[in-house]
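Below is target_28.cif, which holds mmCIF, C-alpha atoms.
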```cif
data_final
#
loop_
_atom_site.label_atom_id
_atom_site.label_comp_id
_atom_site.auth_asym_id
_atom_site.auth_seq_id
_atom_site.Cartn_x
_atom_site.Cartn_y
_atom_site.Cartn_z
CA ASN A 1 -6.04 3.42 -16.72
CA GLY A 2 -8.37 3.38 -13.75
CA GLU A 3 -9.42 -0.26 -13.37
CA PHE A 4 -6.58 -2.79 -13.71
CA ALA A 5 -3.15 -2.61 -12.03
CA VAL A 6 -3.98 0.69 -10.31
CA VAL A 7 -1.44 1.75 -7.66
CA ARG A 8 -3.82 3.80 -5.51
CA ASN A 9 -1.20 5.18 -3.12
CA GLY A 10 1.04 6.15 -6.04
CA LEU A 11 -1.39 8.37 -7.95
CA ASP A 12 0.10 11.66 -6.71
CA PHE A 13 3.55 10.84 -8.12
CA ILE A 14 4.51 12.17 -11.55
CA ASN A 15 6.70 9.25 -12.65
CA SER A 16 4.32 7.05 -14.64
CA SER A 17 5.70 3.80 -13.19
CA SER A 18 4.13 4.82 -9.87
CA GLN A 19 0.69 4.45 -11.47
CA LEU A 20 1.21 1.56 -13.93
CA THR A 21 4.06 -0.91 -14.23
CA PRO A 22 5.93 -0.43 -17.55
CA THR A 23 5.94 -4.20 -18.03
CA LEU A 24 2.19 -4.00 -18.80
CA TYR A 25 3.10 -2.12 -21.96
CA VAL A 26 0.19 -3.44 -24.04
CA LEU A 27 -2.53 -1.91 -21.82
CA PRO A 28 -4.12 1.05 -23.67
CA THR A 29 -4.03 4.31 -21.77
CA THR A 30 -3.93 8.07 -22.38
CA PRO A 31 -3.85 9.48 -25.02
CA ALA A 32 -4.97 6.46 -27.06
CA PRO A 33 -7.78 4.57 -25.31
CA MET A 34 -9.23 1.48 -26.99
CA ALA A 35 -12.57 -0.29 -26.77
CA SER A 36 -12.85 -2.93 -24.05
CA VAL A 37 -15.22 -5.02 -21.96
CA ASN A 38 -14.41 -5.18 -18.23
CA VAL A 39 -16.33 -7.17 -15.62
CA PHE A 40 -15.73 -7.07 -11.85
CA TYR A 41 -17.36 -9.23 -9.18
CA ARG A 42 -17.13 -8.59 -5.44
CA PHE A 43 -17.44 -11.86 -3.50
CA ASN A 44 -17.56 -10.11 -0.13
CA ARG A 45 -15.94 -7.15 1.64
CA MET A 46 -12.47 -8.66 1.21
CA LEU A 47 -12.31 -10.42 -2.16
CA TYR A 48 -12.92 -9.36 -5.75
CA LEU A 49 -12.14 -10.64 -9.24
CA GLY A 50 -11.83 -8.62 -12.45
CA LEU A 51 -11.64 -9.77 -16.09
CA GLY A 52 -11.08 -7.62 -19.16
CA VAL A 53 -10.71 -7.90 -22.94
CA TYR A 54 -9.15 -4.97 -24.83
CA ASP A 55 -8.81 -4.18 -28.50
CA ALA A 56 -5.14 -3.27 -28.09
CA ASN A 57 -3.13 -3.09 -31.31
CA HIS A 58 -1.70 -0.34 -33.51
CA GLY A 59 -4.00 -1.11 -36.43
CA ASP A 60 -6.92 0.50 -34.57
CA HIS A 61 -7.69 4.22 -35.04
CA TYR A 62 -10.28 4.42 -32.24
CA LEU A 63 -10.47 7.93 -30.74
CA VAL A 64 -7.25 9.26 -32.25
CA ILE A 65 -6.63 12.64 -30.58
CA THR A 66 -3.73 14.00 -32.61
CA GLY A 67 -1.07 12.50 -34.83
CA THR A 68 -0.87 8.72 -34.61
CA PRO A 69 -0.78 7.83 -30.87
CA GLN A 70 -2.10 4.36 -31.68
CA ASN A 71 1.33 3.51 -33.12
CA ALA A 72 2.58 3.27 -29.54
CA GLN A 73 0.78 -0.08 -29.34
CA PRO A 74 3.37 -2.73 -30.25
CA THR A 75 1.25 -5.34 -32.04
CA SER A 76 -0.51 -5.87 -35.32
CA GLY A 77 -3.81 -7.60 -34.59
CA GLY A 78 -4.82 -9.56 -31.55
CA ALA A 79 -6.45 -8.65 -28.26
CA LEU A 80 -5.38 -8.18 -24.66
CA PHE A 81 -6.88 -10.49 -22.01
CA ILE A 82 -6.31 -9.53 -18.37
CA GLY A 83 -7.42 -10.95 -15.04
CA GLU A 84 -6.94 -9.52 -11.56
CA GLY A 85 -7.78 -10.79 -8.10
CA GLY A 86 -7.77 -8.54 -5.06
CA LEU A 87 -7.73 -8.89 -1.29
CA LEU A 88 -8.78 -5.93 0.86
CA TRP A 89 -8.59 -5.59 4.61
CA ASP A 90 -9.64 -3.09 7.25
CA HIS A 91 -6.93 -4.03 9.71
CA LEU A 92 -4.04 -6.39 10.36
CA PRO A 93 -2.90 -7.68 13.78
CA GLY A 94 -1.11 -4.75 15.38
CA LEU A 95 -1.84 -2.48 12.38
CA ARG A 96 -5.47 -1.33 12.40
CA THR A 97 -5.41 0.39 9.03
CA THR A 98 -6.68 -0.37 5.52
CA GLY A 99 -4.73 -2.18 2.80
CA GLU A 100 -5.07 -3.97 -0.51
CA LEU A 101 -3.18 -6.67 -2.43
CA GLN A 102 -3.67 -7.04 -6.20
CA LEU A 103 -2.41 -9.99 -8.26
CA GLY A 104 -2.83 -9.89 -12.03
CA VAL A 105 -1.96 -11.91 -15.12
CA TRP A 106 -2.32 -10.90 -18.76
CA GLY A 107 -1.84 -12.26 -22.25
CA HIS A 108 -1.93 -10.72 -25.71
CA THR A 109 -2.74 -12.72 -28.85
CA GLY A 110 -1.09 -10.34 -31.33
CA LYS A 111 2.05 -10.67 -33.42
CA PHE A 112 5.16 -9.19 -31.78
CA LYS A 113 8.53 -8.25 -33.27
CA LYS A 114 11.40 -9.92 -31.45
CA PHE A 115 14.65 -8.13 -30.75
CA ASP A 116 16.60 -10.85 -32.58
CA GLY A 117 14.83 -9.91 -35.82
CA GLY A 118 12.16 -12.60 -35.83
CA SER A 119 8.57 -12.47 -34.64
CA GLN A 120 6.29 -14.38 -32.29
CA TYR A 121 2.58 -14.72 -31.64
CA ASP A 122 1.31 -14.18 -28.11
CA SER A 123 2.99 -12.59 -25.12
CA GLY A 124 2.12 -12.29 -21.46
CA GLY A 125 3.15 -11.29 -17.97
CA PHE A 126 2.06 -10.76 -14.39
CA TYR A 127 2.09 -8.09 -11.70
CA ALA A 128 1.61 -7.65 -7.95
CA ILE A 129 0.67 -4.46 -6.07
CA LEU A 130 0.48 -3.83 -2.34
CA ASP A 131 -1.17 -0.64 -1.03
CA GLN A 132 -1.13 -0.11 2.73
CA THR A 133 -2.05 2.68 5.13
CA LEU A 134 0.77 2.61 7.67
CA TRP A 135 -0.49 5.15 10.19
CA LYS A 136 -3.45 7.47 10.82
CA PRO A 137 -3.86 10.01 13.61
CA THR A 138 -7.55 9.11 14.00
CA PRO A 139 -9.57 5.99 13.01
CA GLU A 140 -12.34 7.99 11.30
CA PRO A 141 -12.68 6.97 7.61
CA GLU A 142 -13.40 10.56 6.53
CA ASP A 143 -10.04 11.71 7.94
CA SER A 144 -7.62 11.54 4.98
CA ARG A 145 -4.52 12.32 7.03
CA GLY A 146 -1.90 9.61 7.53
CA LEU A 147 1.11 7.80 6.12
CA ARG A 148 0.48 5.45 3.18
CA GLY A 149 2.84 3.27 1.17
CA PHE A 150 2.94 1.00 -1.86
CA LEU A 151 5.07 -1.73 -3.39
CA GLU A 152 4.76 -3.05 -6.95
CA TYR A 153 6.39 -5.67 -9.16
CA GLY A 154 5.87 -6.60 -12.79
CA ARG A 155 7.45 -8.97 -15.28
CA THR A 156 6.97 -9.90 -18.92
CA GLU A 157 8.92 -11.53 -21.79
CA ARG A 158 12.37 -10.11 -22.50
CA SER A 159 12.26 -11.27 -26.12
CA VAL A 160 9.72 -8.58 -27.11
CA ALA A 161 9.39 -6.08 -24.22
CA THR A 162 11.75 -3.12 -23.90
CA MET A 163 11.41 -3.19 -20.10
CA TYR A 164 10.81 -6.77 -19.04
CA GLN A 165 11.04 -6.38 -15.23
CA HIS A 166 10.11 -3.60 -12.82
CA VAL A 167 10.06 -3.05 -9.06
CA GLY A 168 9.02 0.10 -7.23
CA GLY A 169 7.67 1.61 -4.07
CA GLY A 170 6.88 4.83 -2.30
CA LEU A 171 5.50 6.67 0.72
CA ALA A 172 2.92 9.48 0.77
CA TRP A 173 2.18 11.44 3.97
CA THR A 174 -1.06 13.42 3.92
CA GLY A 175 -1.35 16.14 6.56
CA LEU A 176 2.25 16.06 7.78
CA PHE A 177 1.58 19.46 9.39
CA ARG A 178 -1.57 19.77 11.51
CA SER A 179 -2.28 23.22 10.06
CA ARG A 180 -2.26 21.82 6.49
CA PRO A 181 -4.30 18.57 6.59
CA LYS A 182 -4.68 18.26 2.79
CA ASP A 183 -1.02 18.67 1.80
CA VAL A 184 0.89 15.56 0.68
CA LEU A 185 4.62 14.81 0.95
CA GLY A 186 5.86 11.97 -1.26
CA LEU A 187 9.05 9.90 -1.59
CA GLY A 188 9.37 7.12 -4.16
CA ALA A 189 11.76 4.92 -6.15
CA GLN A 190 11.15 3.05 -9.41
CA CYS A 191 13.62 0.64 -11.01
CA ALA A 192 13.10 -0.83 -14.49
CA PHE A 193 15.28 -3.45 -16.15
CA PRO A 194 15.64 -3.40 -19.96
CA SER A 195 15.76 -6.53 -22.07
CA PRO A 196 19.37 -7.76 -22.48
CA GLU A 197 18.46 -8.52 -26.09
CA ALA A 198 17.37 -4.95 -26.92
CA GLY A 199 20.84 -3.38 -27.17
CA PHE A 200 20.74 -1.07 -24.15
CA THR A 201 24.08 0.07 -22.73
CA ARG A 202 22.95 0.11 -19.07
CA SER A 203 21.42 -2.75 -17.12
CA TYR A 204 18.75 -0.69 -15.31
CA GLU A 205 17.07 2.70 -14.92
CA LEU A 206 16.38 4.03 -11.42
CA ALA A 207 14.08 7.01 -10.82
CA LEU A 208 14.06 8.66 -7.38
CA GLU A 209 11.24 11.14 -6.79
CA THR A 210 10.06 13.54 -4.13
CA PHE A 211 7.23 16.07 -4.18
CA TYR A 212 5.16 18.33 -1.95
CA LYS A 213 1.55 18.84 -3.00
CA MET A 214 0.08 22.03 -1.51
CA GLN A 215 -3.71 22.48 -1.35
CA LEU A 216 -3.97 26.27 -1.57
CA THR A 217 -7.77 26.49 -1.92
CA PRO A 218 -10.57 23.89 -2.20
CA TRP A 219 -10.24 24.20 -6.00
CA LEU A 220 -6.46 24.72 -6.49
CA PHE A 221 -3.31 22.79 -5.65
CA VAL A 222 0.29 23.22 -6.77
CA GLN A 223 2.90 20.48 -6.63
CA PRO A 224 6.66 21.02 -7.03
CA ASP A 225 8.28 17.72 -7.95
CA LEU A 226 11.92 16.65 -8.27
CA GLN A 227 13.23 13.45 -9.89
CA TYR A 228 16.79 12.15 -10.10
CA ILE A 229 17.06 9.48 -12.78
CA VAL A 230 20.04 7.12 -12.78
CA ASN A 231 20.95 5.66 -16.20
CA THR A 232 18.26 7.62 -18.03
CA GLY A 233 16.47 5.35 -20.49
CA ALA A 234 19.07 2.67 -19.62
CA ARG A 235 21.18 4.38 -22.28
CA TYR A 236 22.03 7.94 -21.27
CA PRO A 237 23.74 9.73 -18.34
CA ASP A 238 21.94 10.60 -15.11
CA ALA A 239 19.33 13.39 -15.26
CA LEU A 240 17.76 15.81 -12.81
CA VAL A 241 14.15 16.69 -13.66
CA GLY A 242 12.12 19.42 -11.98
CA THR A 243 8.38 19.79 -12.55
CA MET A 244 5.74 22.18 -11.28
CA ARG A 245 2.18 20.85 -11.50
CA ALA A 246 -0.94 22.94 -10.89
CA ASN A 247 -4.53 21.68 -10.87
CA ILE A 248 -7.73 23.74 -10.94
CA SER A 249 -11.01 21.96 -10.20
CA PHE A 250 -14.30 23.52 -11.32
#
```
Rewritten as structure tokens:
Amino acid sequence: NGEFAVVRNGLDFINSSSQLTPTLYVLPTTPAPMASVNVFYRFNRMLYLGLGVYDANHGDHYLVITGTPQNAQPTSGGALFIGEGGLLWDHLPGLRTTGELQLGVWGHTGKFKKFDGGSQYDSGGFYAILDQTLWKPTPEPEDSRGLRGFLEYGRTERSVATMYQHVGGGLAWTGLFRSRPKDVLGLGAQCAFPSPEAGFTRSYELALETFYKMQLTPWLFVQPDLQYIVNTGARYPDALVGTMRANISF
């Protein structure tokens, strides 16, 4: 997903909720993309509007990579309609840095299985995302150093969605050390609330994450990452997860 509900200051985090709210569970993404038509219009430097229609249901076998990843889509038939409006700014009073606010609504026309054993047609939800640069050592746009943060919120229907509400946020500091201007230090928290009707034993799942992304060469970075997850899956005990990510660009 690179067009709707994108948390730009959360892209370096490994926890997927830092890039896409889990309440937007019908939006196709890796590894099972679907056909869509997306249109964006920029009114001026500050305002834009985006509209999209996706073929998003598990009856579609478009670009199956391996196995049956399309079965992750929760509907039989129907299409996803999504709209997003955005406000961008170059500075705020007393805070001369860039920021962005995204507000989105979506609806799906498919048939959904309800947790009470029945079914319903149509479902929908909304989301809000705030990305803000909090501090930069220099005003030059080409200087990527600085402290950036994000906040996000999403909500959908608890009758059909496993996670019906989500709130999260994080901070990413690029160039914390002057001698390493491309390194990134991140701290984040993501909290998802499961549907009370879905039979979960815990009322929430909280993921706390920290990482340090080291740019070793222009074409290589490594990123040790640590997550502590409270109420894993809203069903299991707490978990400590360590990850080492490496990326080679060529």
Min atom-atom distance to Tyr228 (chain A) from the set A:Met244, A:Asp143, A:Gln102, A:Asn15, counting all atoms listed in the file, belongs to A:Asn15
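The two atoms in question, CA of Tyr54 (chain A) and CA of Tyr153 (chain A), are spaced 22.1 Å apart.
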Which of these, A:Asn38, A:Gln215, A:Thr98, A:Asn231, has the shortest distance to Arg245 (chain A) once you count all atoms listed in the file? A:Gln215
List as a ChimeraX atom specification the protein and nucleic acid residues near Gly242 (chain A), meaning an atom at most 7 Å away when only C-alpha atoms are counted, but skip any in the same chain fewer than 6 places from it. /A:225-227
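For the pair CA of Gly83 (chain A) and CA of Val26 (chain A), the separation is 14.0 Å.
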Within 8 Å of region 158-162 of chain A, which residues of region 194-241 of chain A come that close, and what is the closest atom pair and distance in Å for each? Count only C-alpha atoms and give it as a Markdown table.
```
| residue | atom | partner | partner_atom | distance |
| --- | --- | --- | --- | --- |
| A:Pro194 | CA | A:Thr162 | CA | 5.5 |
| A:Ser195 | CA | A:Arg158 | CA | 4.9 |
| A:Pro196 | CA | A:Arg158 | CA | 7.4 |
| A:Glu197 | CA | A:Ser159 | CA | 6.8 |
| A:Ala198 | CA | A:Thr162 | CA | 6.6 |
```
Could you tell me, as a PyMOL selection string, exactly which residues end up selected when the PyMOL selection byres ((chain A and resi 183) around 7) is applied to this structure? chain A and resi 174-175+180-182+184-185+213-215
Taking (7.0, 10.4, -2.4) in the coordinates of the supplied file, I want to know which residues reach to within 6 Å of it, counting all atoms listed in the file; could you give the answer as a CSV table (one decimal) with C-alpha atoms, in the coordinates of the input?
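Contents of part_23.csv, freshly written:
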```csv
chain,number,residue,atom,x,y,z
A,170,GLY,CA,6.9,4.8,-2.3
A,171,LEU,CA,5.5,6.7,0.7
A,172,ALA,CA,2.9,9.5,0.8
A,186,GLY,CA,5.9,12.0,-1.3
A,187,LEU,CA,9.0,9.9,-1.6
A,188,GLY,CA,9.4,7.1,-4.2
A,210,THR,CA,10.1,13.5,-4.1
A,211,PHE,CA,7.2,16.1,-4.2
```
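Applied to the shown file, the PyMOL selection byres ((chain A and resi 136) around 7) selects the residues Trp135, Pro137, Thr138, Pro139, Arg145, Gly146 and Leu147 of chain A.
One distance worth recording is that between CA of Lys114 (chain A) and CA of Phe81 (chain A), which is 20.6 Å.
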Suppose a student applies the PyMOL selection byres ((chain A and resi 86) around 8) to this structure; what residues should they get, written as a PyMOL selection string? chain A and resi 46-49+84-85+87-88+100-103
Taking (8.9, -0.2, -14.9) in the file's coordinates as the center, which residues reach within 10 Å of it, counting only C-alpha atoms, put as a ChimeraX atom specification? /A:15-18,20-25,152-155,162-168,190-194,204-207
Output, as AutoDock Vina command-line options, the centre and edge lengths in Å (one decimal) of the axis-aligned box that contains all listed atoms of region 188-206 of chain A with 8 Å of margin on each side.
```
--center_x 16.7 --center_y -0.7 --center_z -15.7 --size_x 30.7 --size_y 31.6 --size_z 39.0
```
What's the 8 Å shell around Val105 (chain A), counting all atoms listed in the file, without same-chain residues fewer than 4 positions away, as a PyMOL selection string? chain A and resi 82-84+124-127
Can you tell me, as a list in words, what residues are no more than 8 Å from Ala35 (chain A) when counting all atoms listed in the file, ignoring any on the same chain fewer than 2 positions away?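 Final neighbour list, sorted by chain and number: Pro33, Val37, Tyr54, Asp55 and Tyr62 of chain A.
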Final N, CA, C and O atoms of region 35-58 of chain A as a PDB file, keeping the file's coordinate frame:
```
ATOM      1  N   ALA A  35     -11.339   0.339 -27.235  1.00  0.00           N
ATOM      2  CA  ALA A  35     -12.570  -0.290 -26.770  1.00  0.00           C
ATOM      3  C   ALA A  35     -12.257  -1.528 -25.928  1.00  0.00           C
ATOM      4  O   ALA A  35     -11.301  -2.255 -26.217  1.00  0.00           O
ATOM      5  N   SER A  36     -13.061  -1.770 -24.901  1.00  0.00           N
ATOM      6  CA  SER A  36     -12.850  -2.930 -24.050  1.00  0.00           C
ATOM      7  C   SER A  36     -14.147  -3.325 -23.367  1.00  0.00           C
ATOM      8  O   SER A  36     -15.110  -2.565 -23.331  1.00  0.00           O
ATOM      9  N   VAL A  37     -14.135  -4.539 -22.821  1.00  0.00           N
ATOM     10  CA  VAL A  37     -15.220  -5.020 -21.960  1.00  0.00           C
ATOM     11  C   VAL A  37     -14.574  -5.467 -20.658  1.00  0.00           C
ATOM     12  O   VAL A  37     -13.720  -6.367 -20.665  1.00  0.00           O
ATOM     13  N   ASN A  38     -14.967  -4.853 -19.540  1.00  0.00           N
ATOM     14  CA  ASN A  38     -14.410  -5.180 -18.230  1.00  0.00           C
ATOM     15  C   ASN A  38     -15.537  -5.592 -17.290  1.00  0.00           C
ATOM     16  O   ASN A  38     -16.574  -4.928 -17.235  1.00  0.00           O
ATOM     17  N   VAL A  39     -15.328  -6.668 -16.561  1.00  0.00           N
ATOM     18  CA  VAL A  39     -16.330  -7.170 -15.620  1.00  0.00           C
ATOM     19  C   VAL A  39     -15.642  -7.404 -14.272  1.00  0.00           C
ATOM     20  O   VAL A  39     -14.585  -8.048 -14.214  1.00  0.00           O
ATOM     21  N   PHE A  40     -16.252  -6.881 -13.206  1.00  0.00           N
ATOM     22  CA  PHE A  40     -15.730  -7.070 -11.850  1.00  0.00           C
ATOM     23  C   PHE A  40     -16.822  -7.685 -10.982  1.00  0.00           C
ATOM     24  O   PHE A  40     -17.996  -7.331 -11.099  1.00  0.00           O
ATOM     25  N   TYR A  41     -16.411  -8.590 -10.111  1.00  0.00           N
ATOM     26  CA  TYR A  41     -17.360  -9.230  -9.180  1.00  0.00           C
ATOM     27  C   TYR A  41     -16.764  -9.177  -7.777  1.00  0.00           C
ATOM     28  O   TYR A  41     -15.606  -9.598  -7.563  1.00  0.00           O
ATOM     29  N   ARG A  42     -17.544  -8.661  -6.829  1.00  0.00           N
ATOM     30  CA  ARG A  42     -17.130  -8.590  -5.440  1.00  0.00           C
ATOM     31  C   ARG A  42     -17.765  -9.754  -4.683  1.00  0.00           C
ATOM     32  O   ARG A  42     -18.980  -9.814  -4.537  1.00  0.00           O
ATOM     33  N   PHE A  43     -16.939 -10.700  -4.218  1.00  0.00           N
ATOM     34  CA  PHE A  43     -17.440 -11.860  -3.500  1.00  0.00           C
ATOM     35  C   PHE A  43     -17.943 -11.464  -2.111  1.00  0.00           C
ATOM     36  O   PHE A  43     -18.965 -11.957  -1.643  1.00  0.00           O
ATOM     37  N   ASN A  44     -17.194 -10.607  -1.452  1.00  0.00           N
ATOM     38  CA  ASN A  44     -17.560 -10.110  -0.130  1.00  0.00           C
ATOM     39  C   ASN A  44     -16.756  -8.830   0.109  1.00  0.00           C
ATOM     40  O   ASN A  44     -16.231  -8.240  -0.844  1.00  0.00           O
ATOM     41  N   ARG A  45     -16.652  -8.384   1.342  1.00  0.00           N
ATOM     42  CA  ARG A  45     -15.940  -7.150   1.640  1.00  0.00           C
ATOM     43  C   ARG A  45     -14.443  -7.262   1.350  1.00  0.00           C
ATOM     44  O   ARG A  45     -13.773  -6.244   1.137  1.00  0.00           O
ATOM     45  N   MET A  46     -13.911  -8.498   1.302  1.00  0.00           N
ATOM     46  CA  MET A  46     -12.470  -8.660   1.210  1.00  0.00           C
ATOM     47  C   MET A  46     -11.970  -9.114  -0.155  1.00  0.00           C
ATOM     48  O   MET A  46     -10.806  -8.857  -0.487  1.00  0.00           O
ATOM     49  N   LEU A  47     -12.789  -9.790  -0.926  1.00  0.00           N
ATOM     50  CA  LEU A  47     -12.310 -10.420  -2.160  1.00  0.00           C
ATOM     51  C   LEU A  47     -13.047  -9.902  -3.385  1.00  0.00           C
ATOM     52  O   LEU A  47     -14.266  -9.725  -3.352  1.00  0.00           O
ATOM     53  N   TYR A  48     -12.295  -9.698  -4.479  1.00  0.00           N
ATOM     54  CA  TYR A  48     -12.920  -9.360  -5.750  1.00  0.00           C
ATOM     55  C   TYR A  48     -12.130 -10.003  -6.879  1.00  0.00           C
ATOM     56  O   TYR A  48     -10.969 -10.392  -6.729  1.00  0.00           O
ATOM     57  N   LEU A  49     -12.773 -10.101  -8.041  1.00  0.00           N
ATOM     58  CA  LEU A  49     -12.140 -10.640  -9.240  1.00  0.00           C
ATOM     59  C   LEU A  49     -12.547  -9.769 -10.424  1.00  0.00           C
ATOM     60  O   LEU A  49     -13.710  -9.407 -10.572  1.00  0.00           O
ATOM     61  N   GLY A  50     -11.567  -9.421 -11.267  1.00  0.00           N
ATOM     62  CA  GLY A  50     -11.830  -8.620 -12.450  1.00  0.00           C
ATOM     63  C   GLY A  50     -11.300  -9.294 -13.700  1.00  0.00           C
ATOM     64  O   GLY A  50     -10.224  -9.909 -13.671  1.00  0.00           O
ATOM     65  N   LEU A  51     -12.044  -9.217 -14.796  1.00  0.00           N
ATOM     66  CA  LEU A  51     -11.640  -9.770 -16.090  1.00  0.00           C
ATOM     67  C   LEU A  51     -11.875  -8.705 -17.153  1.00  0.00           C
ATOM     68  O   LEU A  51     -12.874  -7.998 -17.134  1.00  0.00           O
ATOM     69  N   GLY A  52     -10.943  -8.610 -18.105  1.00  0.00           N
ATOM     70  CA  GLY A  52     -11.080  -7.620 -19.160  1.00  0.00           C
ATOM     71  C   GLY A  52     -10.557  -8.121 -20.487  1.00  0.00           C
ATOM     72  O   GLY A  52      -9.639  -8.946 -20.536  1.00  0.00           O
ATOM     73  N   VAL A  53     -11.159  -7.624 -21.571  1.00  0.00           N
ATOM     74  CA  VAL A  53     -10.710  -7.900 -22.940  1.00  0.00           C
ATOM     75  C   VAL A  53     -10.597  -6.562 -23.648  1.00  0.00           C
ATOM     76  O   VAL A  53     -11.572  -5.803 -23.702  1.00  0.00           O
ATOM     77  N   TYR A  54      -9.413  -6.259 -24.194  1.00  0.00           N
ATOM     78  CA  TYR A  54      -9.150  -4.970 -24.830  1.00  0.00           C
ATOM     79  C   TYR A  54      -8.769  -5.167 -26.290  1.00  0.00           C
ATOM     80  O   TYR A  54      -8.011  -6.091 -26.638  1.00  0.00           O
ATOM     81  N   ASP A  55      -9.273  -4.269 -27.125  1.00  0.00           N
ATOM     82  CA  ASP A  55      -8.810  -4.180 -28.500  1.00  0.00           C
ATOM     83  C   ASP A  55      -7.539  -3.330 -28.458  1.00  0.00           C
ATOM     84  O   ASP A  55      -7.601  -2.102 -28.500  1.00  0.00           O
ATOM     85  N   ALA A  56      -6.398  -3.978 -28.356  1.00  0.00           N
ATOM     86  CA  ALA A  56      -5.140  -3.270 -28.090  1.00  0.00           C
ATOM     87  C   ALA A  56      -4.110  -3.613 -29.156  1.00  0.00           C
ATOM     88  O   ALA A  56      -3.286  -4.510 -28.981  1.00  0.00           O
ATOM     89  N   ASN A  57      -4.152  -2.901 -30.280  1.00  0.00           N
ATOM     90  CA  ASN A  57      -3.130  -3.090 -31.310  1.00  0.00           C
ATOM     91  C   ASN A  57      -3.064  -1.837 -32.157  1.00  0.00           C
ATOM     92  O   ASN A  57      -4.007  -1.056 -32.229  1.00  0.00           O
ATOM     93  N   HIS A  58      -1.913  -1.626 -32.835  1.00  0.00           N
ATOM     94  CA  HIS A  58      -1.700  -0.340 -33.510  1.00  0.00           C
ATOM     95  C   HIS A  58      -2.429  -0.233 -34.837  1.00  0.00           C
ATOM     96  O   HIS A  58      -2.300   0.790 -35.514  1.00  0.00           O
TER      97      HIS A  58
END
```
